[in-house]
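Enquirer: Here you go, query.pdb (PDB, C-alpha atoms):
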ATOM      1  CA  MET A  19      11.402  18.417  19.798  1.00  0.00           C
ATOM      2  CA  SER A  20       8.900  15.709  19.037  1.00  0.00           C
ATOM      3  CA  SER A  21       8.255  12.493  20.873  1.00  0.00           C
ATOM      4  CA  LEU A  22       7.649  10.531  17.658  1.00  0.00           C
ATOM      5  CA  LYS A  23       9.186   7.060  17.927  1.00  0.00           C
ATOM      6  CA  ILE A  24      10.627   7.270  14.421  1.00  0.00           C
ATOM      7  CA  ASN A  25      12.846  10.204  15.431  1.00  0.00           C
ATOM      8  CA  ASP A  26      14.509   7.962  18.054  1.00  0.00           C
ATOM      9  CA  LEU A  27      15.618   5.375  15.474  1.00  0.00           C
ATOM     10  CA  ASN A  28      19.085   5.248  13.994  1.00  0.00           C
ATOM     11  CA  ALA A  29      19.410   5.650  10.201  1.00  0.00           C
ATOM     12  CA  ALA A  30      19.215   1.914   9.431  1.00  0.00           C
ATOM     13  CA  GLN A  31      16.226   1.405  11.734  1.00  0.00           C
ATOM     14  CA  ALA A  32      14.435   4.450  10.310  1.00  0.00           C
ATOM     15  CA  HIS A  33      15.094   3.210   6.767  1.00  0.00           C
ATOM     16  CA  GLN A  34      13.626  -0.195   7.597  1.00  0.00           C
ATOM     17  CA  ALA A  35      10.607   1.285   9.406  1.00  0.00           C
ATOM     18  CA  LEU A  36       9.813   3.614   6.508  1.00  0.00           C
ATOM     19  CA  GLU A  37      10.334   0.848   3.955  1.00  0.00           C
ATOM     20  CA  HIS A  38       7.699  -1.206   5.783  1.00  0.00           C
ATOM     21  CA  CYS A  39       5.296   1.698   5.275  1.00  0.00           C
ATOM     22  CA  CYS A  40       6.071   2.150   1.579  1.00  0.00           C
ATOM     23  CA  ALA A  41       8.518   0.083  -0.473  1.00  0.00           C
ATOM     24  CA  ALA A  42       9.398   2.825  -2.973  1.00  0.00           C
ATOM     25  CA  PRO A  43      13.123   3.567  -2.446  1.00  0.00           C
ATOM     26  CA  ASN A  44      12.808   7.210  -3.554  1.00  0.00           C
ATOM     27  CA  TRP A  45       9.985   7.760  -1.059  1.00  0.00           C
ATOM     28  CA  VAL A  46      12.076   6.256   1.754  1.00  0.00           C
ATOM     29  CA  SER A  47      15.084   8.414   0.784  1.00  0.00           C
ATOM     30  CA  GLY A  48      12.937  11.532   0.634  1.00  0.00           C
ATOM     31  CA  MET A  49      11.512  10.851   4.068  1.00  0.00           C
ATOM     32  CA  LEU A  50      14.954  10.170   5.554  1.00  0.00           C
ATOM     33  CA  ASN A  51      16.166  13.503   4.159  1.00  0.00           C
ATOM     34  CA  ILE A  52      13.360  15.350   5.981  1.00  0.00           C
ATOM     35  CA  MET A  53      13.862  13.714   9.405  1.00  0.00           C
ATOM     36  CA  PRO A  54      13.450  14.526  12.238  1.00  0.00           C
ATOM     37  CA  PHE A  55       9.714  15.177  12.116  1.00  0.00           C
ATOM     38  CA  GLU A  56       8.365  17.956  14.327  1.00  0.00           C
ATOM     39  CA  ASN A  57       5.029  16.237  14.977  1.00  0.00           C
ATOM     40  CA  LYS A  58       2.619  13.780  13.404  1.00  0.00           C
ATOM     41  CA  GLU A  59       1.201  16.405  11.028  1.00  0.00           C
ATOM     42  CA  HIS A  60       4.724  17.113   9.777  1.00  0.00           C
ATOM     43  CA  LEU A  61       5.270  13.364   9.307  1.00  0.00           C
ATOM     44  CA  PHE A  62       1.983  12.885   7.395  1.00  0.00           C
ATOM     45  CA  ASN A  63       2.386  16.044   5.312  1.00  0.00           C
ATOM     46  CA  SER A  64       5.960  15.084   4.449  1.00  0.00           C
ATOM     47  CA  ALA A  65       4.874  11.585   3.462  1.00  0.00           C
ATOM     48  CA  GLN A  66       2.213  12.970   1.121  1.00  0.00           C
ATOM     49  CA  SER A  67       4.492  15.660  -0.292  1.00  0.00           C
ATOM     50  CA  VAL A  68       7.286  13.189  -1.053  1.00  0.00           C
ATOM     51  CA  TRP A  69       4.763  10.742  -2.565  1.00  0.00           C
ATOM     52  CA  ASP A  70       3.270  13.492  -4.745  1.00  0.00           C
ATOM     53  CA  SER A  71       6.750  14.314  -6.105  1.00  0.00           C
ATOM     54  CA  LEU A  72       7.282  10.762  -7.388  1.00  0.00           C
ATOM     55  CA  GLY A  73       6.357   9.141 -10.675  1.00  0.00           C
ATOM     56  CA  GLU A  74       5.283   5.875 -12.223  1.00  0.00           C
ATOM     57  CA  SER A  75       8.453   3.878 -11.550  1.00  0.00           C
ATOM     58  CA  ASP A  76       8.232   4.820  -7.867  1.00  0.00           C
ATOM     59  CA  TYR A  77       4.559   3.872  -7.708  1.00  0.00           C
ATOM     60  CA  LEU A  78       5.328   0.503  -9.277  1.00  0.00           C
ATOM     61  CA  ALA A  79       8.149  -0.058  -6.760  1.00  0.00           C
ATOM     62  CA  ALA A  80       5.714   0.670  -3.926  1.00  0.00           C
ATOM     63  CA  PHE A  81       3.108  -1.685  -5.384  1.00  0.00           C
ATOM     64  CA  GLU A  82       5.735  -4.457  -5.479  1.00  0.00           C
ATOM     65  CA  GLY A  83       5.773  -4.332  -1.678  1.00  0.00           C
ATOM     66  CA  HIS A  84       2.233  -5.724  -1.502  1.00  0.00           C
ATOM     67  CA  PRO A  85       0.759  -9.182  -1.886  1.00  0.00           C
ATOM     68  CA  GLN A  86      -2.237  -9.474  -4.193  1.00  0.00           C
ATOM     69  CA  ILE A  87      -5.560  -8.877  -2.459  1.00  0.00           C
ATOM     70  CA  GLY A  88      -7.012 -12.264  -1.654  1.00  0.00           C
ATOM     71  CA  ASP A  89      -3.792 -14.191  -2.272  1.00  0.00           C
ATOM     72  CA  LEU A  90      -3.211 -14.885   1.398  1.00  0.00           C
ATOM     73  CA  SER A  91      -0.583 -17.573   0.676  1.00  0.00           C
ATOM     74  CA  THR A  92       1.865 -14.942  -0.609  1.00  0.00           C
ATOM     75  CA  LEU A  93       1.778 -13.191   2.732  1.00  0.00           C
ATOM     76  CA  SER A  94       3.983 -15.791   4.353  1.00  0.00           C
ATOM     77  CA  LYS A  95       6.369 -16.161   1.408  1.00  0.00           C
ATOM     78  CA  LYS A  96       7.459 -13.195  -0.703  1.00  0.00           C
ATOM     79  CA  TYR A  97       6.144 -10.544   1.699  1.00  0.00           C
ATOM     80  CA  ALA A  98       7.453 -11.810   5.027  1.00  0.00           C
ATOM     81  CA  ALA A  99       8.591  -8.321   6.107  1.00  0.00           C
ATOM     82  CA  THR A 100       5.135  -6.771   5.700  1.00  0.00           C
ATOM     83  CA  ALA A 101       3.034  -9.923   6.119  1.00  0.00           C
ATOM     84  CA  GLN A 102       1.701  -9.013   9.537  1.00  0.00           C
ATOM     85  CA  LYS A 103       0.624  -5.542   8.418  1.00  0.00           C
ATOM     86  CA  ALA A 104      -0.801  -6.757   5.100  1.00  0.00           C
ATOM     87  CA  GLY A 105      -2.555  -9.692   6.750  1.00  0.00           C
ATOM     88  CA  HIS A 106      -4.276  -7.367   9.203  1.00  0.00           C
ATOM     89  CA  GLU A 107      -5.116  -4.899   6.427  1.00  0.00           C
ATOM     90  CA  GLN A 108      -6.632  -7.715   4.369  1.00  0.00           C
ATOM     91  CA  SER A 109      -8.538  -9.307   7.236  1.00  0.00           C
ATOM     92  CA  GLY A 110     -11.764  -8.879   5.254  1.00  0.00           C
ATOM     93  CA  MET A 111     -10.469 -11.344   2.660  1.00  0.00           C
ATOM     94  CA  SER A 112      -9.828 -14.013   5.296  1.00  0.00           C
ATOM     95  CA  LYS A 113     -13.594 -14.112   5.915  1.00  0.00           C
ATOM     96  CA  ALA A 114     -14.444 -14.457   2.216  1.00  0.00           C
ATOM     97  CA  ASN A 115     -16.310 -17.432   0.875  1.00  0.00           C
ATOM     98  CA  GLU A 116     -14.624 -19.647  -1.692  1.00  0.00           C
ATOM     99  CA  GLN A 117     -16.567 -18.179  -4.628  1.00  0.00           C
ATOM    100  CA  THR A 118     -15.537 -14.623  -3.727  1.00  0.00           C
ATOM    101  CA  LEU A 119     -11.895 -15.680  -3.328  1.00  0.00           C
ATOM    102  CA  LYS A 120     -11.904 -17.485  -6.683  1.00  0.00           C
ATOM    103  CA  LYS A 121     -13.408 -14.433  -8.420  1.00  0.00           C
ATOM    104  CA  MET A 122     -10.863 -12.156  -6.744  1.00  0.00           C
ATOM    105  CA  ILE A 123      -7.930 -14.357  -7.774  1.00  0.00           C
ATOM    106  CA  ALA A 124      -9.191 -14.521 -11.379  1.00  0.00           C
ATOM    107  CA  LEU A 125      -9.725 -10.747 -11.532  1.00  0.00           C
ATOM    108  CA  ASN A 126      -6.298 -10.131  -9.955  1.00  0.00           C
ATOM    109  CA  LYS A 127      -4.715 -12.095 -12.817  1.00  0.00           C
ATOM    110  CA  GLU A 128      -6.725 -10.193 -15.412  1.00  0.00           C
ATOM    111  CA  TYR A 129      -5.911  -6.863 -13.735  1.00  0.00           C
ATOM    112  CA  LEU A 130      -2.180  -7.622 -13.586  1.00  0.00           C
ATOM    113  CA  SER A 131      -2.197  -8.676 -17.235  1.00  0.00           C
ATOM    114  CA  LYS A 132      -4.057  -5.524 -18.313  1.00  0.00           C
ATOM    115  CA  PHE A 133      -2.215  -2.917 -16.234  1.00  0.00           C
ATOM    116  CA  GLY A 134       1.183  -4.488 -15.494  1.00  0.00           C
ATOM    117  CA  PHE A 135       0.835  -4.053 -11.723  1.00  0.00           C
ATOM    118  CA  ILE A 136      -1.269  -5.620  -8.997  1.00  0.00           C
ATOM    119  CA  PHE A 137      -4.616  -4.303  -7.794  1.00  0.00           C
ATOM    120  CA  ILE A 138      -3.932  -1.838  -4.976  1.00  0.00           C
ATOM    121  CA  VAL A 139      -6.691  -0.855  -2.586  1.00  0.00           C
ATOM    122  CA  CYS A 140      -6.615   0.402   0.975  1.00  0.00           C
ATOM    123  CA  ALA A 141      -8.276  -2.740   2.314  1.00  0.00           C
ATOM    124  CA  SER A 142      -8.576  -1.671   5.945  1.00  0.00           C
ATOM    125  CA  GLY A 143     -12.193  -1.880   7.026  1.00  0.00           C
ATOM    126  CA  LYS A 144     -13.377  -3.328   3.714  1.00  0.00           C
ATOM    127  CA  SER A 145     -15.118  -6.671   3.329  1.00  0.00           C
ATOM    128  CA  ALA A 146     -14.094  -9.168   0.667  1.00  0.00           C
ATOM    129  CA  GLU A 147     -17.270  -8.343  -1.227  1.00  0.00           C
ATOM    130  CA  GLN A 148     -16.456  -4.613  -1.193  1.00  0.00           C
ATOM    131  CA  MET A 149     -12.944  -5.267  -2.516  1.00  0.00           C
ATOM    132  CA  LEU A 150     -14.339  -7.575  -5.206  1.00  0.00           C
ATOM    133  CA  GLU A 151     -16.792  -4.853  -6.240  1.00  0.00           C
ATOM    134  CA  LEU A 152     -13.951  -2.318  -6.453  1.00  0.00           C
ATOM    135  CA  ILE A 153     -11.764  -4.487  -8.681  1.00  0.00           C
ATOM    136  CA  GLU A 154     -14.789  -5.258 -10.881  1.00  0.00           C
ATOM    137  CA  GLN A 155     -15.334  -1.489 -11.334  1.00  0.00           C
ATOM    138  CA  ARG A 156     -11.697  -0.480 -11.688  1.00  0.00           C
ATOM    139  CA  ILE A 157     -10.659  -3.168 -14.179  1.00  0.00           C
ATOM    140  CA  HIS A 158     -12.480  -1.170 -16.894  1.00  0.00           C
ATOM    141  CA  ASN A 159     -10.329   1.952 -16.344  1.00  0.00           C
ATOM    142  CA  THR A 160      -7.517   3.067 -18.602  1.00  0.00           C
ATOM    143  CA  ARG A 161      -4.007   2.286 -17.357  1.00  0.00           C
ATOM    144  CA  SER A 162      -3.346   5.971 -16.648  1.00  0.00           C
ATOM    145  CA  THR A 163      -6.529   6.373 -14.608  1.00  0.00           C
ATOM    146  CA  GLU A 164      -5.876   3.163 -12.733  1.00  0.00           C
ATOM    147  CA  LEU A 165      -2.266   4.083 -11.964  1.00  0.00           C
ATOM    148  CA  ASN A 166      -3.482   7.348 -10.408  1.00  0.00           C
ATOM    149  CA  ILE A 167      -6.175   5.581  -8.370  1.00  0.00           C
ATOM    150  CA  ALA A 168      -3.696   2.941  -7.187  1.00  0.00           C
ATOM    151  CA  ALA A 169      -1.181   5.664  -6.242  1.00  0.00           C
ATOM    152  CA  GLY A 170      -3.870   7.348  -4.142  1.00  0.00           C
ATOM    153  CA  GLU A 171      -4.706   4.044  -2.461  1.00  0.00           C
ATOM    154  CA  GLN A 172      -0.990   3.496  -1.763  1.00  0.00           C
ATOM    155  CA  ALA A 173      -0.830   6.911  -0.071  1.00  0.00           C
ATOM    156  CA  LYS A 174      -3.734   5.884   2.215  1.00  0.00           C
ATOM    157  CA  ILE A 175      -2.010   2.597   3.072  1.00  0.00           C
ATOM    158  CA  THR A 176       1.252   4.404   3.793  1.00  0.00           C
ATOM    159  CA  LYS A 177      -0.478   6.844   6.161  1.00  0.00           C
ATOM    160  CA  ILE A 178      -2.089   3.983   8.095  1.00  0.00           C
ATOM    161  CA  ARG A 179       1.276   2.264   8.383  1.00  0.00           C
ATOM    162  CA  LEU A 180       3.006   5.497   9.435  1.00  0.00           C
ATOM    163  CA  GLU A 181       0.574   5.775  12.340  1.00  0.00           C
ATOM    164  CA  SER A 182       2.309   2.757  13.875  1.00  0.00           C
ATOM    165  CA  LEU A 183       5.527   4.822  14.039  1.00  0.00           C
ATOM    166  CA  LEU A 184       3.958   7.483  16.269  1.00  0.00           C
TER     167      LEU A 184
END
Show me this structure written as structure tokens.
Expert:
Amino acid sequence: MSSLKINDLNAAQAHQALEHCCAAPNWVSGMLNIMPFENKEHLFNSAQSVWDSLGESDYLAAFEGHPQIGDLSTLSKKYAATAQKAGHEQSGMSKANEQTLKKMIALNKEYLSKFGFIFIVCASGKSAEQMLELIEQRIHNTRSTELNIAAGEQAKITKIRLESLL
């Protein structure tokens, strides 16, 4: 049997731990149904497989678990449960100059209005300027294209967060 920490959690603890990795209820349920995980590859492959089986409503539920990139004030309010993870993931934004932050906030509003969901990007290791460049490029996509890109970014974020359960 595996020595993965997640396998040692009771059902409620495992549910909470998985929910902190991805807020989509159907993803969490799917992962709980697969437990225990044989090893980290089984965990990661299961996470991707369950994610790939989901649809738009699940993606949108997952996106709801994130603060907007650059809106650091929401980290301590609405997203208290994932604030520490999201704050670390968005550390590049905390070093942004005021002009970059203002542009990002304005583009976030435009993006949300256009697509109906927030801008999702795996921010780990990215500077504020890189994230600003990405939203500037992606805001011109169709909703369908953008939903698929955002779902792929969510999968990357989930994998990074799952690594903390190893």
Enquirer: Please identify all polymer residues within 12 Å of Val68 (chain A), counting all atoms listed in the file, omitting same-chain residues fewer than 5 positions from it, and present them as a ChimeraX atom specification.
Expert: /A:40,42-52,60-63,73,76-77,173,176
Enquirer: So that I can check the surroundings of Glu171 (chain A), please list as a PyMOL selection string every protein, DNA and RNA residue that reaches within 7 Å of it, counting only C-alpha atoms and ignoring chain neighbours fewer than 2 positions away.
Expert: chain A and resi 138-140+167-169+173-175
Enquirer: Pull out every residue that the PyMOL selection byres ((chain A and resi 54) around 6) matches in the shown coordinates and put them as a compact mmCIF listing (two decimals) with C-alpha atoms, in the frame of the given file.
Expert:
# COMPACT_ATOMS: atom_id res chain seq x y z
CA ASN A 25 12.85 10.20 15.43
CA MET A 53 13.86 13.71 9.40
CA PHE A 55 9.71 15.18 12.12
Enquirer: Identify which of the residues A:Ile157, A:Leu78, A:Leu165, A:Ala41 lies closest to Lys127 (chain A), counting only C-alpha atoms when measuring atom-to-atom distances.
Expert: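 Ranking A:Ile157, A:Leu78, A:Leu165, A:Ala41 by distance to Lys127 (chain A), first place goes to A:Ile157.
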Enquirer: With distances taken over all atoms listed in the file, which of A:Glu74, A:Glu37, A:Glu154, A:Glu82 is nearest to Glu128 (chain A)?
Expert: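 The answer is A:Glu154, which sits nearest to Glu128 (chain A).
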Enquirer: For Leu22 (chain A), work out the shell of residues within 8 Å, counting all atoms listed in the file and skipping chain neighbours fewer than 6 positions away, then give it as a PyMOL selection string.
Expert: chain A and resi 55+57-58+183-184
Enquirer: Which residue, A:Ala141, A:Ala80, A:Ala146, A:Ile178, has the smallest gap to Glu116 (chain A) when you use only C-alpha atoms?
Expert: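 Among A:Ala141, A:Ala80, A:Ala146, A:Ile178, it is A:Ala146 that comes nearest to Glu116 (chain A).
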Enquirer: What does the distance between CA of Leu125 (chain A) and CA of Glu164 (chain A) come to in Å, to one decimal place?
Expert: 14.5 Å
Enquirer: Which one is closest to Gln148 (chain A): A:Ser71, A:Thr118, A:Gln86, A:Arg161? Count all atoms listed in the file.
Expert: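 So, comparing all the options, the nearest one is A:Thr118.
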Enquirer: Any idea what the distance is between CA of Phe135 (chain A) and CA of Phe81 (chain A)?
Expert: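 Straight-line distance from CA of Phe135 (chain A) to CA of Phe81 (chain A) works out to 7.1 Å.
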Enquirer: Provide the CA of Ser182 (chain A) to CA of Lys23 (chain A) distance in Å, to one decimal place.
Expert: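 Distance between the two atoms: 9.1 Å.
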Enquirer: May I have the residues within 12 Å of Asn115 (chain A) as a list in words, using all atoms listed in the file and disregarding those fewer than 4 positions away in the same chain?
Expert: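 The neighbour list is Gly88, Gly110, Met111, Leu119, Lys120, Lys121, Met122, Ser145, Ala146, Glu147 and Leu150 of chain A.
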